[in-house]
Amino acid sequence: MRRPTLEAVAARAGVSRSTVSRVVNGQPTVTPDIRDVVMRAVDELGYVPNGAARNLVTQRTNSVALVVSEQPDRAFSDDPMFSTVIRAASLELEAVGKQVVLLPAGSPESHARVEKYVAGGHVDGVMLVSGRGADPLPGALTR
């Protein structure tokens, strides 16, 4: 089964595609009665905006990388510091509608992978957790 499109919602609501787009994006230029008709069509069809398309337009991912620059056996063991940081970051970002992308980076190879991922625009920002003062990753991610 294919996902419903803006065009399908527009046809169901009897309005234009651009009207549906304005309603879905929360623009105030649509009358309340038209907004209700469009939202009823959205609900009936189960329309969900295409996140990838929206990200292309807005140049935002609504995701933040939480980079844990430690060996996995240290970061994901019974050390409460890392789990506390991960939980707190997740809760705070969730509260503002952002996704957390957890990126372990405990080796030079994983550092390179994280650098490419961040440079590729897959996240809007980075939170770095490291227990080492001489970690080279902060400088690399800043560049």
# chains A, B, ... in the order shown; residues from 1 in each chain; ligands from 1

call {"tool": "select_by_dssp", "arguments": {"residues": "chain A", "states": "alpha helix (DSSP H)", "output": "JSON, numbers by chain"}}
result
{"A": [6, 7, 8, 9, 10, 11, 12, 13, 17, 18, 19, 20, 21, 22, 23, 24, 32, 33, 34, 35, 36, 37, 38, 39, 40, 41, 42, 43, 44, 45, 51, 52, 53, 54, 55, 56, 57, 58, 72, 73, 74, 75, 80, 81, 82, 83, 84, 85, 86, 87, 88, 89, 90, 91, 92, 93, 94, 95, 108, 109, 110, 111, 112, 113, 114, 115, 116, 117, 118, 119, 137, 138, 139, 140, 141, 142]}

call {"tool": "closest_residue", "arguments": {"among": "A:Val30, A:Val38, A:Val114, A:Ala53", "to": "Glu7 in chain A", "atoms": "only C-alpha atoms"}}
result
A:Val38

call {"tool": "closest_residue", "arguments": {"among": "A:Arg12, A:Arg3, A:Lys98, A:Arg35", "to": "Ser63 in chain A", "atoms": "only C-alpha atoms"}}
result
A:Lys98

call {"tool": "residues_around", "arguments": {"residues": "Gly97 in chain A", "least_positions_apart": "4", "cutoff": "12 Å", "atoms": "only C-alpha atoms", "output": "number ranges by chain"}}
result
A: 61-64, 90-93

call {"tool": "select_by_dssp", "arguments": {"residues": "range 101-132 of chain A", "states": "strand (DSSP E or B)", "output": "ChimeraX atom specification"}}
result
/A:101-104,125-129

call {"tool": "residues_around", "arguments": {"residues": "Gly139 in chain A", "least_positions_apart": "5", "cutoff": "12 Å", "atoms": "only C-alpha atoms", "output": "PDB file with N, CA and C atoms, in the first residue's frame"}}
result
ATOM      1  N   HIS A 111      35.798   7.415  14.165  1.00  0.00           N
ATOM      2  CA  HIS A 111      35.926   8.876  14.138  1.00  0.00           C
ATOM      3  C   HIS A 111      35.748   9.368  12.699  1.00  0.00           C
ATOM      4  N   GLU A 115      32.789  11.790  11.303  1.00  0.00           N
ATOM      5  CA  GLU A 115      33.112  13.042  10.621  1.00  0.00           C
ATOM      6  C   GLU A 115      32.402  13.127   9.271  1.00  0.00           C
ATOM      7  N   LEU A 128      28.849  16.060  21.878  1.00  0.00           N
ATOM      8  CA  LEU A 128      29.955  15.115  22.004  1.00  0.00           C
ATOM      9  C   LEU A 128      30.182  14.780  23.465  1.00  0.00           C
ATOM     10  N   GLY A 133      40.534  14.162  27.764  1.00  0.00           N
ATOM     11  CA  GLY A 133      40.857  15.552  27.463  1.00  0.00           C
ATOM     12  C   GLY A 133      41.564  15.739  26.139  1.00  0.00           C
ATOM     13  N   ALA A 134      42.282  14.741  25.671  1.00  0.00           N
ATOM     14  CA  ALA A 134      43.062  14.868  24.443  1.00  0.00           C
ATOM     15  C   ALA A 134      42.336  14.267  23.248  1.00  0.00           C
TER      16      ALA A 134
END

call {"tool": "closest_residue", "arguments": {"among": "A:Val24, A:Ile34, A:Ala105, A:Ala140", "to": "Thr5 in chain A", "atoms": "only C-alpha atoms"}}
result
A:Val24

call {"tool": "atom_distance", "arguments": {"atom1": "CA of Met127 in chain A", "atom2": "CA of Arg60 in chain A"}}
result
16.5 Å

call {"tool": "closest_residue", "arguments": {"among": "A:Ser77, A:Thr84, A:Thr29, A:Ser69", "to": "Ala112 in chain A", "atoms": "only C-alpha atoms"}}
result
A:Ser69

call {"tool": "atom_distance", "arguments": {"atom1": "CA of Tyr117 in chain A", "atom2": "CA of Phe82 in chain A"}}
result
21.8 Å

call {"tool": "closest_residue", "arguments": {"among": "A:Val42, A:Val123, A:Ala88, A:Val129", "to": "Gln59 in chain A", "atoms": "only C-alpha atoms"}}
result
A:Val123

call {"tool": "atom_distance", "arguments": {"atom1": "CA of Ala89 in chain A", "atom2": "CA of Asn25 in chain A"}}
result
26.9 Å

call {"tool": "decode", "arguments": {"residues": "range 89-135 of chain A", "atoms": "C-alpha atoms", "output": "PDB file, in the first residue's frame"}}
result
ATOM      1  CA  ALA A  89      20.064  14.541  26.129  1.00  0.00           C
ATOM      2  CA  SER A  90      17.323  12.330  24.709  1.00  0.00           C
ATOM      3  CA  LEU A  91      14.671  13.795  26.998  1.00  0.00           C
ATOM      4  CA  GLU A  92      15.671  17.407  26.326  1.00  0.00           C
ATOM      5  CA  LEU A  93      15.837  16.958  22.564  1.00  0.00           C
ATOM      6  CA  GLU A  94      12.558  15.063  22.497  1.00  0.00           C
ATOM      7  CA  ALA A  95      10.936  17.953  24.363  1.00  0.00           C
ATOM      8  CA  VAL A  96      11.790  20.271  21.453  1.00  0.00           C
ATOM      9  CA  GLY A  97      10.819  17.820  18.708  1.00  0.00           C
ATOM     10  CA  LYS A  98      14.306  16.644  17.758  1.00  0.00           C
ATOM     11  CA  GLN A  99      15.543  13.117  17.147  1.00  0.00           C
ATOM     12  CA  VAL A 100      18.689  11.759  18.724  1.00  0.00           C
ATOM     13  CA  VAL A 101      21.113   9.840  16.553  1.00  0.00           C
ATOM     14  CA  LEU A 102      23.521   7.900  18.749  1.00  0.00           C
ATOM     15  CA  LEU A 103      26.953   7.571  17.141  1.00  0.00           C
ATOM     16  CA  PRO A 104      29.568   5.528  19.000  1.00  0.00           C
ATOM     17  CA  ALA A 105      33.071   6.675  18.079  1.00  0.00           C
ATOM     18  CA  GLY A 106      35.621   4.649  19.981  1.00  0.00           C
ATOM     19  CA  SER A 107      38.211   4.097  17.266  1.00  0.00           C
ATOM     20  CA  PRO A 108      40.014   6.130  14.585  1.00  0.00           C
ATOM     21  CA  GLU A 109      37.878   4.365  11.953  1.00  0.00           C
ATOM     22  CA  SER A 110      34.659   5.291  13.699  1.00  0.00           C
ATOM     23  CA  HIS A 111      35.926   8.876  14.138  1.00  0.00           C
ATOM     24  CA  ALA A 112      36.300   9.105  10.353  1.00  0.00           C
ATOM     25  CA  ARG A 113      32.820   7.620   9.840  1.00  0.00           C
ATOM     26  CA  VAL A 114      31.274  10.128  12.263  1.00  0.00           C
ATOM     27  CA  GLU A 115      33.112  13.042  10.621  1.00  0.00           C
ATOM     28  CA  LYS A 116      31.747  12.034   7.184  1.00  0.00           C
ATOM     29  CA  TYR A 117      28.233  11.560   8.565  1.00  0.00           C
ATOM     30  CA  VAL A 118      28.194  14.988  10.199  1.00  0.00           C
ATOM     31  CA  ALA A 119      29.827  16.715   7.199  1.00  0.00           C
ATOM     32  CA  GLY A 120      27.211  15.082   4.954  1.00  0.00           C
ATOM     33  CA  GLY A 121      24.471  17.112   6.632  1.00  0.00           C
ATOM     34  CA  HIS A 122      22.690  14.145   8.195  1.00  0.00           C
ATOM     35  CA  VAL A 123      22.246  16.029  11.481  1.00  0.00           C
ATOM     36  CA  ASP A 124      21.676  19.646  12.470  1.00  0.00           C
ATOM     37  CA  GLY A 125      24.128  19.552  15.332  1.00  0.00           C
ATOM     38  CA  VAL A 126      26.423  17.441  17.461  1.00  0.00           C
ATOM     39  CA  MET A 127      26.672  16.798  21.170  1.00  0.00           C
ATOM     40  CA  LEU A 128      29.955  15.115  22.004  1.00  0.00           C
ATOM     41  CA  VAL A 129      30.515  13.006  25.106  1.00  0.00           C
ATOM     42  CA  SER A 130      34.079  12.075  25.914  1.00  0.00           C
ATOM     43  CA  GLY A 131      35.969  11.275  29.057  1.00  0.00           C
ATOM     44  CA  ARG A 132      39.340  12.079  27.510  1.00  0.00           C
ATOM     45  CA  GLY A 133      40.857  15.552  27.463  1.00  0.00           C
ATOM     46  CA  ALA A 134      43.062  14.868  24.443  1.00  0.00           C
ATOM     47  CA  ASP A 135      40.245  13.626  22.198  1.00  0.00           C
TER      48      ASP A 135
END
